[in-house]
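**Q** This structure is in structure tokens; I'll ask about it shortly.
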Amino acid sequence: MVIELAKDIYSGPGPYKVNSRGILLDPQRLLDAHPSRLDRRLLEGLHHQSVVTVDALSRRSVLELSRFAAQLELTEVSAHHPLDGKLVITAFFEASTRTRLSFEAAVLRLDGKVVSVQDGRMTGVAKGESLADIGEMFNTYGDLVIMRHTDTDAMDRIRRNLQLPLINAGNGTGEHPTQALTDWYTLLKWRPALATPALAETDRVDLGVVGTPMSMRAVKSFLRLGLTFRHALRSVTVVSEMADPFGAELRDELESHGIDVRVVHDIKESLPSFDVIYMNSIALLGGSYRQMDSRFKLHAKSPLKPGAVILHPLARREELDRGLDETPHNLYFAQAASAVFIRQALLICLLGRLDRIPTRS
Ligand code: CP
């Protein structure tokens with residue numbers, strides 16, 4: 001069973017601002033490269049699911065959500081009030097700019113409602129309340145919970161009583177699955193062929209990761225979701241100051257999927273070989289942020305391959321020089337802008353509102 005948005009509303013360009021600097025991505029290219037109608041059965045299968053790790057996402061679901069997001073990017077759907085009557089709880093027990101605000105923008109632009117814990121310290125936690133009890137309360141307050149927490153086991157704790165779908169917006173050094181979804185949506189818009197399983201060797205990309213997957217949840221989720229796109233990766237190299245930036249579990253997982261991961265300590269030497277650079281140089285360690293060594297800084301004069309693109313989930317510090325913002329290597333602003341649409345696609349599916357999206361008859 002397939003759906004396609006009705007032609008009268010599918011007229012692009014969409015109603016929202018896209019990023020103004022760096023690479024401007026055209027969602028139409030993704031739709032042209034993968035032109036079949038959306039798989040309604042697959043997207044409907046996400047109704048009432050939780051997304052706590054990237055294990056909830058298959059290659060097929062990433063592609064279908066990405067194609068749905070691309071249609072939303074080109075389409076004015078708010079007049080159809082897709083999330084009318086739905087109330088989303090955003091509960092942030094750790095700071096955020098992009099994740100909370102892009103989720104809330106996604107909901108509000110679809111005519112849903114949001115109640116927000118912007119600072120978890122202002123909840124009953126200050127009086128010793130448990131996350132399990134907070135989950136019990138959420139059951140009667142909303143329809144879906146988006147939570148971020150400094151503790152890796154926080155998702156398990158709230159799920160003891162929570163019966164609503166839960167989206168993990170980042171849990172300590174655990175995962176950040178919707179950041180990974182955003183990252184892969186961005187890459188698929190940049191190079192739509194990456195979703196093609198029979199990709200020619202010459203079309204595959206050499207991926208360089210600057211960071212510590214073991215303690216950086218965005219990198220970890222990006223790489224774990226990347227396993228479903230392993231056909232698109234010619235090589236994966238991690239640039240780190242650490243001897244083992246993976247930890248045994250993640251390394252075993254990558255290697256058991258046939259990905260040969262290399263660790264290097266010199267960014268200048270390996271940089272010219274990368275097609276895609278994923279940076280995330282702020283690691284959460286012991287409840288506070290630690291910045292990577294200044295040797296791993298990227299700037300406009302770094303020896304980047306022509307055509308190479310940089311992803312960064314942000315927030316950034318000195319590791320990603322602002323001089324790169326004006327260059328064609330800057331995919332990170334497009335990445336941040338893509339978050340609203342892929343999160344809209346996910347929310348429409350999790351909340352069972354695909355039927356509100358007008359389809360071609
Ligand atoms: N990408 C990301 O998680 O950013 P925030 O910390 O601002 O939400």
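All residue names refer to the structure tokens as shown: chains lettered A, B, ... in order, residues numbered from 1 in each chain, ligands numbered from 1 in order.
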Collect all residues with atoms no farther than 8 Å from ligand 1, counting only C-alpha atoms and all ligand atoms, and output them as a ChimeraX atom specification.
**A** /A:95-101,169-170,176,179,218,312-315,336
**Q** With only C-alpha atoms as the counted atoms, please give the residues lying no more than 8 Å from Arg230 of chain A, apart from itself and same-chain residues fewer than 4 positions off, as a list in words.
**A** Gly226, His257 and Ile259 of chain A
**Q** Got time to write the residues from that selection, all heavy atoms, as a PDB file, in the first residue's frame?
**A**
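Written output follows (part_30.pdb):
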ATOM      1  N   GLY A 226      24.232   4.043  10.790  1.00  0.00           N
ATOM      2  CA  GLY A 226      25.028   3.866   9.573  1.00  0.00           C
ATOM      3  C   GLY A 226      25.206   2.407   9.194  1.00  0.00           C
ATOM      4  O   GLY A 226      25.471   2.097   8.036  1.00  0.00           O
ATOM      5  N   HIS A 257      29.371  -6.295  11.446  1.00  0.00           N
ATOM      6  CA  HIS A 257      28.609  -5.938  10.238  1.00  0.00           C
ATOM      7  C   HIS A 257      29.534  -5.679   9.051  1.00  0.00           C
ATOM      8  O   HIS A 257      29.125  -5.103   8.049  1.00  0.00           O
ATOM      9  CB  HIS A 257      27.738  -4.700  10.493  1.00  0.00           C
ATOM     10  CG  HIS A 257      26.519  -5.009  11.308  1.00  0.00           C
ATOM     11  ND1 HIS A 257      26.545  -5.132  12.672  1.00  0.00           N
ATOM     12  CD2 HIS A 257      25.234  -5.241  10.938  1.00  0.00           C
ATOM     13  CE1 HIS A 257      25.333  -5.414  13.107  1.00  0.00           C
ATOM     14  NE2 HIS A 257      24.516  -5.488  12.085  1.00  0.00           N
ATOM     15  N   ILE A 259      32.156  -3.719   8.830  1.00  0.00           N
ATOM     16  CA  ILE A 259      32.752  -2.388   8.683  1.00  0.00           C
ATOM     17  C   ILE A 259      34.131  -2.399   9.328  1.00  0.00           C
ATOM     18  O   ILE A 259      34.281  -2.693  10.517  1.00  0.00           O
ATOM     19  CB  ILE A 259      31.860  -1.305   9.319  1.00  0.00           C
ATOM     20  CG1 ILE A 259      30.547  -1.223   8.533  1.00  0.00           C
ATOM     21  CG2 ILE A 259      32.563   0.057   9.315  1.00  0.00           C
ATOM     22  CD1 ILE A 259      29.630  -0.121   8.950  1.00  0.00           C
TER      23      ILE A 259
END
**Q** What is the distance between atom CA of Cys349 of chain A and atom CA of Glu94 of chain A, in Å to one decimal?
**A**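 Atom-to-atom, atom CA of Cys349 of chain A to atom CA of Glu94 of chain A, that is 26.2 Å.
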**Q** Report as a list in words all protein, DNA and RNA residues lying within 10 Å of segment 80-86 of chain A, evaluated on only C-alpha atoms, omitting residues in the same chain fewer than 3 positions from it.
**A** Glu76, Val77, Ala106, Val107, Leu108, Arg109, Leu110, Asp111, Gly112, Lys113, Val114, Gly142, Asp143, Leu144, Gln344, Leu347, Ile348, Leu351, Gly352, Arg353, Leu354, Asp355, Arg356, Ile357 and Pro358 of chain A
**Q** For Asp119 of chain A, please output as a list in words all residues within 12 Å (counting only C-alpha atoms; exclusion window: fewer than 5 positions along the same chain).
**A**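 Those residues are Thr90, Ala91, Phe92, Phe93, Glu94, Ala95, Ser96, Arg100, Gly124, Val125, Ala126, Met147, Arg148, His149 and Thr150 of chain A.
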**Q** Would you pick out the contacts of His299 of chain A at 10 Å or less, using only C-alpha atoms, so that residues sharing its chain but fewer than 4 positions from it are not included, and give the list as a ChimeraX atom specification?
**A** /A:303-304,318-325
**Q** Taking N, CA and C atoms for each residue, export the selection above as a PDB file, in the first residue's frame.
**A**
ATOM      1  N   PRO A 303      43.069  20.839   5.094  1.00  0.00           N
ATOM      2  CA  PRO A 303      43.196  20.149   3.799  1.00  0.00           C
ATOM      3  C   PRO A 303      42.015  19.225   3.496  1.00  0.00           C
ATOM      4  N   LEU A 304      40.867  19.852   3.260  1.00  0.00           N
ATOM      5  CA  LEU A 304      39.657  19.070   2.966  1.00  0.00           C
ATOM      6  C   LEU A 304      39.624  18.709   1.485  1.00  0.00           C
ATOM      7  N   GLU A 318      35.391  25.612  19.666  1.00  0.00           N
ATOM      8  CA  GLU A 318      36.495  26.019  18.769  1.00  0.00           C
ATOM      9  C   GLU A 318      36.815  24.979  17.708  1.00  0.00           C
ATOM     10  N   GLU A 319      36.289  23.756  17.873  1.00  0.00           N
ATOM     11  CA  GLU A 319      36.724  22.696  16.956  1.00  0.00           C
ATOM     12  C   GLU A 319      36.260  22.915  15.515  1.00  0.00           C
ATOM     13  N   LEU A 320      35.195  23.696  15.331  1.00  0.00           N
ATOM     14  CA  LEU A 320      34.640  23.927  13.993  1.00  0.00           C
ATOM     15  C   LEU A 320      34.615  25.439  13.771  1.00  0.00           C
ATOM     16  N   ASP A 321      35.621  25.913  13.048  1.00  0.00           N
ATOM     17  CA  ASP A 321      35.807  27.358  12.908  1.00  0.00           C
ATOM     18  C   ASP A 321      34.677  27.983  12.075  1.00  0.00           C
ATOM     19  N   ARG A 322      34.259  29.153  12.496  1.00  0.00           N
ATOM     20  CA  ARG A 322      33.155  29.836  11.812  1.00  0.00           C
ATOM     21  C   ARG A 322      33.492  30.194  10.366  1.00  0.00           C
ATOM     22  N   GLY A 323      34.793  30.243  10.046  1.00  0.00           N
ATOM     23  CA  GLY A 323      35.208  30.500   8.669  1.00  0.00           C
ATOM     24  C   GLY A 323      34.686  29.444   7.702  1.00  0.00           C
ATOM     25  N   LEU A 324      34.341  28.265   8.215  1.00  0.00           N
ATOM     26  CA  LEU A 324      33.805  27.210   7.349  1.00  0.00           C
ATOM     27  C   LEU A 324      32.337  27.432   7.000  1.00  0.00           C
ATOM     28  N   ASP A 325      31.668  28.318   7.750  1.00  0.00           N
ATOM     29  CA  ASP A 325      30.224  28.497   7.550  1.00  0.00           C
ATOM     30  C   ASP A 325      29.891  28.943   6.133  1.00  0.00           C
TER      31      ASP A 325
END
**Q** Going by DSSP on the backbone, which residues of segment 63-269 of chain A come out as helix (DSSP H, G or I)? List them as a ChimeraX atom specification.
**A** /A:63-73,78-80,98-109,120-122,124-127,131-141,154-159,177-190,192-195,201-203,217-232,248-256,267-269
**Q** What's around Val238 of chain A at 12 Å? Count only C-alpha atoms, leave out sequence neighbours fewer than 4 positions away in its own chain, and write the answer as a VMD selection string.
**A** chain A and resid 206 to 214 219 to 220 223 242 to 246 251 260 to 267 270 to 271 274 276 to 281 296
**Q** Taking into account only C-alpha atoms, which residue in the set A:Thr152, A:Ser50, A:Gln28, A:Ser61 is nearest to Asn171 of chain A?
**A** A:Thr152
**Q** Separation of atom CA of Arg157 of chain A and atom CA of Thr228 of chain A, in Å?
**A**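 Distance reported for this atom pair: 28.3 Å.
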**Q** Go through segment 105-292 of chain A and collect every residue that DSSP, computed from the backbone, puts in strand (DSSP E); the answer should be as a VMD selection string.
**A** chain A and resid 113 to 117 144 to 149 166 to 171 205 to 210 233 to 239 261 to 264 276 to 279 282 to 285 288 to 291
**Q** Emit the selected residues as a CSV table (one decimal), in the first residue's frame, including N, CA and C atoms.
**A**
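Contents of selection-v6.csv, freshly written:
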chain,number,residue,atom,x,y,z
A,113,LYS,N,-0.1,20.5,20.1
A,113,LYS,CA,0.2,21.3,21.3
A,113,LYS,C,1.4,20.7,22.1
A,114,VAL,N,2.0,21.6,22.8
A,114,VAL,CA,3.2,21.1,23.6
A,114,VAL,C,3.1,21.6,25.0
A,115,VAL,N,3.5,20.7,26.0
A,115,VAL,CA,3.8,21.2,27.3
A,115,VAL,C,5.2,20.8,27.5
A,116,SER,N,6.0,21.7,28.2
A,116,SER,CA,7.4,21.5,28.1
A,116,SER,C,8.0,21.7,29.5
A,117,VAL,N,8.9,20.7,29.9
A,117,VAL,CA,9.8,20.9,31.0
A,117,VAL,C,11.1,21.3,30.4
A,144,LEU,N,2.4,11.8,23.9
A,144,LEU,CA,3.8,11.3,23.5
A,144,LEU,C,4.8,12.1,24.3
A,145,VAL,N,5.9,11.4,24.7
A,145,VAL,CA,6.9,12.1,25.5
A,145,VAL,C,8.2,12.1,24.8
A,146,ILE,N,8.9,13.3,24.8
A,146,ILE,CA,10.2,13.4,24.2
A,146,ILE,C,11.1,13.8,25.4
A,147,MET,N,12.0,13.0,25.7
A,147,MET,CA,12.8,13.2,27.0
A,147,MET,C,14.3,13.2,26.7
A,148,ARG,N,15.0,14.2,27.3
A,148,ARG,CA,16.5,14.2,27.4
A,148,ARG,C,16.9,14.2,28.8
A,149,HIS,N,18.0,13.4,29.1
A,149,HIS,CA,18.4,13.3,30.4
A,149,HIS,C,20.0,13.1,30.4
A,166,LEU,N,7.7,7.0,23.6
A,166,LEU,CA,8.8,7.8,24.2
A,166,LEU,C,9.8,8.0,23.1
A,167,ILE,N,10.2,9.2,22.9
A,167,ILE,CA,11.4,9.5,22.0
A,167,ILE,C,12.5,9.9,22.9
A,168,ASN,N,13.6,9.2,22.7
A,168,ASN,CA,14.9,9.5,23.4
A,168,ASN,C,15.5,10.7,22.7
A,169,ALA,N,15.6,11.9,23.4
A,169,ALA,CA,16.2,13.1,22.8
A,169,ALA,C,17.7,13.2,23.3
A,170,GLY,N,18.2,12.1,23.8
A,170,GLY,CA,19.6,12.1,24.3
A,170,GLY,C,19.6,11.6,25.7
A,171,ASN,N,20.3,10.5,26.0
A,171,ASN,CA,20.4,10.0,27.3
A,171,ASN,C,21.9,9.8,27.7
A,205,VAL,N,31.2,6.3,0.0
A,205,VAL,CA,31.9,7.5,0.6
A,205,VAL,C,32.9,7.0,1.7
A,206,ASP,N,34.0,7.7,1.8
A,206,ASP,CA,34.9,7.5,2.9
A,206,ASP,C,34.5,8.5,4.0
A,207,LEU,N,34.2,7.8,5.2
A,207,LEU,CA,33.6,8.6,6.3
A,207,LEU,C,34.7,8.8,7.3
A,208,GLY,N,34.9,10.0,7.8
A,208,GLY,CA,35.8,10.3,8.9
A,208,GLY,C,35.0,10.9,10.0
A,209,VAL,N,35.2,10.3,11.2
A,209,VAL,CA,34.5,10.7,12.4
A,209,VAL,C,35.5,11.4,13.3
A,210,VAL,N,35.3,12.6,13.7
A,210,VAL,CA,36.2,13.3,14.6
A,210,VAL,C,35.5,13.3,16.0
A,233,LEU,N,29.2,2.9,2.6
A,233,LEU,CA,30.4,3.3,3.3
A,233,LEU,C,31.6,2.5,2.8
A,234,ARG,N,32.6,3.2,2.1
A,234,ARG,CA,33.8,2.5,1.7
A,234,ARG,C,34.7,2.3,2.8
A,235,SER,N,34.8,3.3,3.7
A,235,SER,CA,35.7,3.1,4.9
A,235,SER,C,35.2,4.0,6.0
A,236,VAL,N,35.5,3.7,7.2
A,236,VAL,CA,35.1,4.5,8.4
A,236,VAL,C,36.4,4.7,9.2
A,237,THR,N,36.8,5.9,9.4
A,237,THR,CA,38.0,6.2,10.2
A,237,THR,C,37.6,7.2,11.3
A,238,VAL,N,38.0,6.8,12.5
A,238,VAL,CA,37.8,7.7,13.6
A,238,VAL,C,39.1,8.4,14.0
A,239,VAL,N,39.0,9.8,14.0
A,239,VAL,CA,40.1,10.6,14.4
A,239,VAL,C,40.0,10.9,15.9
A,261,VAL,N,36.8,-0.5,10.8
A,261,VAL,CA,37.1,0.8,11.4
A,261,VAL,C,38.5,1.0,11.7
A,262,ARG,N,39.0,2.2,11.3
A,262,ARG,CA,40.4,2.5,11.6
A,262,ARG,C,40.4,3.6,12.6
A,263,VAL,N,41.4,3.7,13.5
A,263,VAL,CA,41.6,4.8,14.4
A,263,VAL,C,42.9,5.5,14.1
A,264,VAL,N,42.8,6.8,13.9
A,264,VAL,CA,44.0,7.6,13.6
A,264,VAL,C,44.1,8.7,14.6
A,276,VAL,N,32.9,12.6,3.8
A,276,VAL,CA,32.0,13.1,4.8
A,276,VAL,C,32.8,13.1,6.1
A,277,ILE,N,32.7,14.2,6.8
A,277,ILE,CA,33.4,14.3,8.1
A,277,ILE,C,32.3,14.6,9.1
A,278,TYR,N,32.2,13.7,10.1
A,278,TYR,CA,31.2,13.9,11.2
A,278,TYR,C,32.0,14.3,12.4
A,279,MET,N,31.7,15.6,12.8
A,279,MET,CA,32.4,16.1,14.0
A,279,MET,C,31.5,16.2,15.2
A,282,ILE,N,32.5,17.6,21.6
A,282,ILE,CA,32.2,17.8,23.0
A,282,ILE,C,31.6,16.5,23.5
A,283,ALA,N,32.4,15.9,24.5
A,283,ALA,CA,31.9,14.6,25.0
A,283,ALA,C,31.4,14.9,26.4
A,284,LEU,N,30.3,14.1,26.7
A,284,LEU,CA,29.7,14.2,28.1
A,284,LEU,C,30.5,13.1,28.9
A,285,LEU,N,31.2,13.6,29.8
A,285,LEU,CA,32.0,12.6,30.7
A,285,LEU,C,31.8,13.0,32.1
A,288,SER,N,29.7,16.2,33.0
A,288,SER,CA,30.1,17.5,32.5
A,288,SER,C,30.7,17.3,31.1
A,289,TYR,N,30.8,18.4,30.4
A,289,TYR,CA,31.3,18.3,29.0
A,289,TYR,C,32.8,18.5,29.0
A,290,ARG,N,33.4,17.7,28.2
A,290,ARG,CA,34.9,17.9,28.0
A,290,ARG,C,35.1,18.1,26.5
A,291,GLN,N,35.9,19.0,26.2
A,291,GLN,CA,36.2,19.3,24.8
A,291,GLN,C,37.4,18.5,24.3
**Q** For the atom pair atom CA of Glu104 of chain A and atom CA of Arg29 of chain A, what is the interatomic distance in Å to one decimal place?
**A**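 Atom CA of Arg29 of chain A lies 27.1 Å from atom CA of Glu104 of chain A.
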**Q** I'd like the contact shell of Gly45 of chain A - 10 Å cut-off, only C-alpha atoms, skipping same-chain residues fewer than 2 positions apart - returned as a tab-separated table (two decimals) with C-alpha atoms, in the first residue's frame.
**A**
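around.tsv, written as the output of this step:
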chain	number	residue	atom	x	y	z
A	40	ARG	CA	1.92	3.52	3.98
A	41	ARG	CA	1.94	0.13	5.66
A	42	LEU	CA	5.50	0.64	6.89
A	43	LEU	CA	4.85	4.18	8.13
A	47	HIS	CA	2.06	4.15	15.26
A	48	HIS	CA	2.46	4.15	19.03
A	49	GLN	CA	6.08	2.95	18.82
A	61	SER	CA	12.08	3.05	7.57
A	349	CYS	CA	3.67	8.41	12.18
A	350	LEU	CA	4.11	7.76	15.92
A	352	GLY	CA	-1.04	7.81	13.99
